[in-house]
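Notes follow the structure.
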Amino acid sequence: MTYKEAEGSMVIESRYWREDLARYAQAFRPKSKPPRWSERLVVNFEKDVSIALFMVRRLAEAGKFSSKMKQHKAQIFRCAFHGKPWRLIYKDIDELYRLENEEAISKGVAFVCNQFIHADFTFAFRGEDRNWEGLYTSSDFEKRKFVYRVPLSEIVRILELAVDDYPSRVSLRYDPDKEDWITVTD
């Protein structure tokens with residue numbers, strides 16, 4: 001690969017990104033003695049999830065995954081919006097969304113990543129054992145349709161897949177209409 005081709009992908013060596021993703025996946029796993037709730041803990045957790053999923057999307061856009069990542073479907077849940085548009089204040093999402101009518105759905109990794117990257121809000125919640133159980137989120141594009149409950153186990157699964165998924169073949173072709181290199185993987 002020439003310098004010009006590498007410049008098009010912007011992620012020359014993905015190993016370092018994957019090392020960080022492995023650390024995030026480990027940090028998100030349940031603990032035997034989880035720390036007590038604090039505002040700082042919640043904010044940092046929500047921030048770390050968003051950063052980790054941004055990294056996954058960035059690696060995907062740079063062509064650093066095989067088709068296995070594109071084909072992976074995360075098992076998440078959605079609840080329909082029923083609030084009034086002028087009341088989009090997320091302190092009480094149960095007033096805005098029908099949480100009691102949750103629907104299980106399968107969505108691709110890109111969709112899940114984009115819900116956090118373009119989040120209008122993110123709300124982390126814990127289980128009875130005080131471990132993080134998942135997050136509610138909705139992008140600015142989806143907020144008047146659905147809120148998504150993403151189990152933390154699905155986020156960890158996406159991160160673990162990102163750590164281990166390398167393409168076996170990569171080719172680049174120049175697209176004169178886009179004036180950019182297009183990365184194609186297996």
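Residue numbering restarts at 1 for every chain of the structure tokens, chains are lettered A, B, ... in their displayed order, and ligands are numbered from 1 as they appear.
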Exercise. Any idea what's packed within 9 Å of stretch 153-160 of chain A, counting only C-alpha atoms, ignoring anything in its chain fewer than 2 positions away? Could you give it as a ChimeraX atom specification?
Worked result: /A:18,21-22,24-26,28-29,49,52-53,56,69,72,74-76,109,112,133-134,150-151,162-165
For this session: Identify, on the basis of only C-alpha atoms, every residue whose closest approach to A:Glu61 does not exceed 12 Å; exclude the query and any residue fewer than 4 positions from it along the same chain; express the result as a VMD selection string.
Result: chain A and resid 8 to 11 14 54 to 57 65 to 66 69 to 70 109 to 110 113 181 to 185
Taking only C-alpha atoms into account, produce a table as a Markdown table in which each residue of stretch 77-173 of chain A with an atom at most 12 Å from an atom of stretch 37-46 of chain A appears once, together with its shortest atom pair and the distance in Å to one decimal, ordered by chain and rising number.
```
| residue | atom | partner | partner_atom | distance |
| --- | --- | --- | --- | --- |
| A:Phe116 | CA | A:Glu46 | CA | 9.2 |
| A:Ile117 | CA | A:Glu46 | CA | 11.2 |
| A:Ala119 | CA | A:Glu46 | CA | 10.9 |
| A:Phe121 | CA | A:Glu46 | CA | 10.1 |
| A:Thr122 | CA | A:Glu46 | CA | 7.0 |
| A:Phe123 | CA | A:Glu46 | CA | 7.6 |
| A:Ala124 | CA | A:Glu46 | CA | 6.6 |
| A:Phe125 | CA | A:Val42 | CA | 8.7 |
| A:Arg126 | CA | A:Trp37 | CA | 9.3 |
| A:Gly127 | CA | A:Trp37 | CA | 11.9 |
| A:Asp129 | CA | A:Trp37 | CA | 12.0 |
| A:Arg130 | CA | A:Trp37 | CA | 8.2 |
| A:Asn131 | CA | A:Trp37 | CA | 9.9 |
| A:Trp132 | CA | A:Phe45 | CA | 8.9 |
| A:Glu133 | CA | A:Phe45 | CA | 11.6 |
| A:Gly134 | CA | A:Glu46 | CA | 9.9 |
| A:Leu135 | CA | A:Glu46 | CA | 8.1 |
| A:Tyr136 | CA | A:Glu46 | CA | 10.3 |
| A:Thr137 | CA | A:Glu46 | CA | 10.2 |
| A:Leu152 | CA | A:Phe45 | CA | 11.1 |
| A:Ile155 | CA | A:Glu46 | CA | 12.0 |
```
Produce a file of the selected residues containing N, CA, C and O atoms, as a tab-separated table (two decimals), in the first residue's frame.
```
chain	number	residue	atom	x	y	z
A	116	PHE	N	-25.58	5.75	19.44
A	116	PHE	CA	-24.78	6.37	20.50
A	116	PHE	C	-23.99	7.57	19.97
A	116	PHE	O	-23.88	8.59	20.65
A	117	ILE	N	-23.47	7.46	18.77
A	117	ILE	CA	-22.67	8.56	18.20
A	117	ILE	C	-23.54	9.79	17.97
A	117	ILE	O	-23.11	10.92	18.23
A	119	ALA	N	-26.44	10.34	19.52
A	119	ALA	CA	-27.43	10.29	20.60
A	119	ALA	C	-27.94	11.67	20.95
A	119	ALA	O	-27.17	12.60	21.17
A	121	PHE	N	-29.85	11.61	23.55
A	121	PHE	CA	-29.67	11.34	24.97
A	121	PHE	C	-29.22	9.90	25.14
A	121	PHE	O	-29.40	9.07	24.27
A	122	THR	N	-28.59	9.65	26.28
A	122	THR	CA	-28.19	8.30	26.67
A	122	THR	C	-28.48	8.19	28.16
A	122	THR	O	-28.19	9.12	28.92
A	123	PHE	N	-29.04	7.06	28.56
A	123	PHE	CA	-29.41	6.86	29.96
A	123	PHE	C	-28.97	5.46	30.37
A	123	PHE	O	-29.54	4.47	29.93
A	124	ALA	N	-27.91	5.36	31.18
A	124	ALA	CA	-27.40	4.07	31.65
A	124	ALA	C	-28.20	3.60	32.85
A	124	ALA	O	-28.66	4.41	33.65
A	125	PHE	N	-28.36	2.29	32.95
A	125	PHE	CA	-29.07	1.75	34.12
A	125	PHE	C	-28.36	0.50	34.62
A	125	PHE	O	-27.65	-0.16	33.88
A	126	ARG	N	-28.58	0.23	35.91
A	126	ARG	CA	-27.95	-0.91	36.57
A	126	ARG	C	-28.98	-1.97	36.92
A	126	ARG	O	-30.16	-1.69	37.06
A	127	GLY	N	-28.47	-3.19	37.10
A	127	GLY	CA	-29.31	-4.29	37.56
A	127	GLY	C	-29.34	-4.33	39.08
A	127	GLY	O	-28.74	-3.48	39.76
A	129	ASP	N	-27.82	-6.27	41.00
A	129	ASP	CA	-26.49	-6.53	41.56
A	129	ASP	C	-25.57	-5.30	41.46
A	129	ASP	O	-24.40	-5.39	41.75
A	130	ARG	N	-26.12	-4.17	41.05
A	130	ARG	CA	-25.42	-2.89	40.91
A	130	ARG	C	-24.46	-2.84	39.72
A	130	ARG	O	-23.77	-1.87	39.50
A	131	ASN	N	-24.41	-3.89	38.91
A	131	ASN	CA	-23.61	-3.86	37.68
A	131	ASN	C	-24.42	-3.15	36.60
A	131	ASN	O	-25.64	-3.18	36.60
A	132	TRP	N	-23.69	-2.53	35.66
A	132	TRP	CA	-24.35	-1.91	34.52
A	132	TRP	C	-25.07	-3.00	33.75
A	132	TRP	O	-24.50	-4.04	33.45
A	133	GLU	N	-26.32	-2.75	33.43
A	133	GLU	CA	-27.11	-3.74	32.70
A	133	GLU	C	-27.30	-3.33	31.24
A	133	GLU	O	-27.41	-4.17	30.36
A	134	GLY	N	-27.34	-2.04	30.99
A	134	GLY	CA	-27.52	-1.56	29.63
A	134	GLY	C	-27.74	-0.07	29.58
A	134	GLY	O	-27.55	0.62	30.59
A	135	LEU	N	-28.13	0.39	28.42
A	135	LEU	CA	-28.36	1.81	28.22
A	135	LEU	C	-29.59	2.01	27.35
A	135	LEU	O	-29.84	1.24	26.43
A	136	TYR	N	-30.31	3.06	27.65
A	136	TYR	CA	-31.36	3.55	26.76
A	136	TYR	C	-30.72	4.67	25.95
A	136	TYR	O	-29.98	5.49	26.49
A	137	THR	N	-31.01	4.70	24.67
A	137	THR	CA	-30.47	5.76	23.83
A	137	THR	C	-31.36	5.94	22.61
A	137	THR	O	-32.12	5.05	22.25
A	152	LEU	N	-25.99	-4.30	27.88
A	152	LEU	CA	-24.54	-4.16	27.91
A	152	LEU	C	-23.87	-5.40	27.33
A	152	LEU	O	-22.81	-5.30	26.70
A	155	ILE	N	-23.29	-4.84	23.73
A	155	ILE	CA	-22.18	-3.90	23.47
A	155	ILE	C	-20.86	-4.63	23.64
A	155	ILE	O	-19.96	-4.50	22.80
```
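Between A:Gln115 and the candidates A:Ser171, A:Ser50, A:Ser138, A:Ser67, the tightest atom-to-atom separation, counting only C-alpha atoms, involves A:Ser138.
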Exercise. Hey, what does DSSP flag as strand (DSSP E or B) within chain A? Can you give it to me as number ranges by chain?
Worked result: A: 73-81, 97, 103-108, 119-126, 132-139, 146-151, 170-175, 180-185
Problem set entry | Computed interatomic separation between atom CA of A:Lys107 and atom CA of A:Glu95 (Å) | 25.0 Å
Problem set entry | DSSP-assigned alpha helix (DSSP H) members of chain A, reported as a ChimeraX atom specification | /A:3-9,15-28,39-61,67-71,93-96,109-117,152-164
Output file for the residues above (C-alpha atoms, as a short mmCIF file (atom, residue, chain, number, x, y, z; two decimals), in the first residue's frame):
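The result, written out as result-v7.cif:
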```
data_model
loop_
_atom_site.label_atom_id
_atom_site.label_comp_id
_atom_site.auth_asym_id
_atom_site.auth_seq_id
_atom_site.Cartn_x
_atom_site.Cartn_y
_atom_site.Cartn_z
CA TYR A 3 1.31 6.42 1.32
CA LYS A 4 -1.51 7.92 -0.76
CA GLU A 5 -3.59 4.73 -0.36
CA ALA A 6 -2.91 4.57 3.39
CA GLU A 7 -3.88 8.21 3.71
CA GLY A 8 -7.32 7.34 2.29
CA SER A 9 -8.02 4.80 5.03
CA ARG A 15 -3.97 -3.05 16.45
CA TYR A 16 -3.76 -0.10 18.84
CA TRP A 17 -7.44 0.71 18.39
CA ARG A 18 -8.31 -2.94 19.04
CA GLU A 19 -6.21 -2.98 22.22
CA ASP A 20 -8.30 -0.08 23.54
CA LEU A 21 -11.52 -1.84 22.52
CA ALA A 22 -10.40 -4.95 24.43
CA ARG A 23 -9.85 -2.79 27.54
CA TYR A 24 -13.32 -1.28 27.18
CA ALA A 25 -14.90 -4.74 26.77
CA GLN A 26 -13.14 -5.92 29.93
CA ALA A 27 -14.16 -2.80 31.86
CA PHE A 28 -17.82 -3.22 30.86
CA GLU A 39 -22.72 11.08 38.96
CA ARG A 40 -19.09 10.84 37.80
CA LEU A 41 -19.38 7.05 37.45
CA VAL A 42 -22.51 7.31 35.30
CA VAL A 43 -21.13 10.08 33.09
CA ASN A 44 -17.82 8.28 32.53
CA PHE A 45 -19.56 4.99 31.76
CA GLU A 46 -21.88 6.60 29.19
CA LYS A 47 -18.92 8.47 27.70
CA ASP A 48 -16.78 5.31 27.48
CA VAL A 49 -19.55 3.38 25.72
CA SER A 50 -19.98 6.18 23.18
CA ILE A 51 -16.22 6.43 22.56
CA ALA A 52 -15.85 2.65 22.19
CA LEU A 53 -18.69 2.45 19.68
CA PHE A 54 -17.32 5.44 17.78
CA MET A 55 -14.02 3.54 17.50
CA VAL A 56 -15.87 0.50 16.12
CA ARG A 57 -17.57 2.63 13.49
CA ARG A 58 -14.30 4.33 12.61
CA LEU A 59 -12.56 0.98 12.08
CA ALA A 60 -15.51 -0.22 9.99
CA GLU A 61 -15.34 2.87 7.80
CA SER A 67 -17.99 -9.05 6.28
CA LYS A 68 -18.57 -10.90 9.58
CA MET A 69 -18.88 -7.54 11.35
CA LYS A 70 -21.28 -6.19 8.73
CA GLN A 71 -23.46 -9.29 9.04
CA ILE A 93 -38.18 8.68 29.54
CA ASP A 94 -41.14 6.58 30.66
CA GLU A 95 -43.33 9.66 30.03
CA LEU A 96 -42.06 9.92 26.46
CA VAL A 109 -23.56 -2.93 14.27
CA ALA A 110 -23.58 0.34 12.30
CA PHE A 111 -27.11 1.12 13.50
CA VAL A 112 -26.20 0.46 17.15
CA CYS A 113 -23.04 2.56 16.90
CA ASN A 114 -24.93 5.42 15.27
CA GLN A 115 -27.56 5.50 18.04
CA PHE A 116 -24.78 6.37 20.50
CA ILE A 117 -22.67 8.56 18.20
CA LEU A 152 -24.54 -4.16 27.91
CA SER A 153 -23.90 -7.79 26.94
CA GLU A 154 -24.61 -6.82 23.29
CA ILE A 155 -22.18 -3.90 23.47
CA VAL A 156 -19.49 -6.19 24.91
CA ARG A 157 -20.22 -8.72 22.13
CA ILE A 158 -19.76 -6.01 19.48
CA LEU A 159 -16.48 -4.88 21.06
CA GLU A 160 -15.17 -8.46 21.29
CA LEU A 161 -16.06 -9.05 17.66
CA ALA A 162 -14.27 -5.83 16.70
CA VAL A 163 -11.15 -6.93 18.59
CA ASP A 164 -10.93 -10.29 16.80
#
```
Seminar exercise, completed: Correct to one decimal, the distance atom CA of A:Lys145-atom CA of A:Asp92 is 16.4 Å
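Atom pair atom CA of A:Glu103 / atom CA of A:Cys79: separated by 6.4 Å.
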For this session: Can you work out which one of A:Glu13, A:Arg98, A:Gly83, A:Pro30 has the shortest atom-to-atom distance to A:Arg149, counting only C-alpha atoms?
Result: A:Arg98
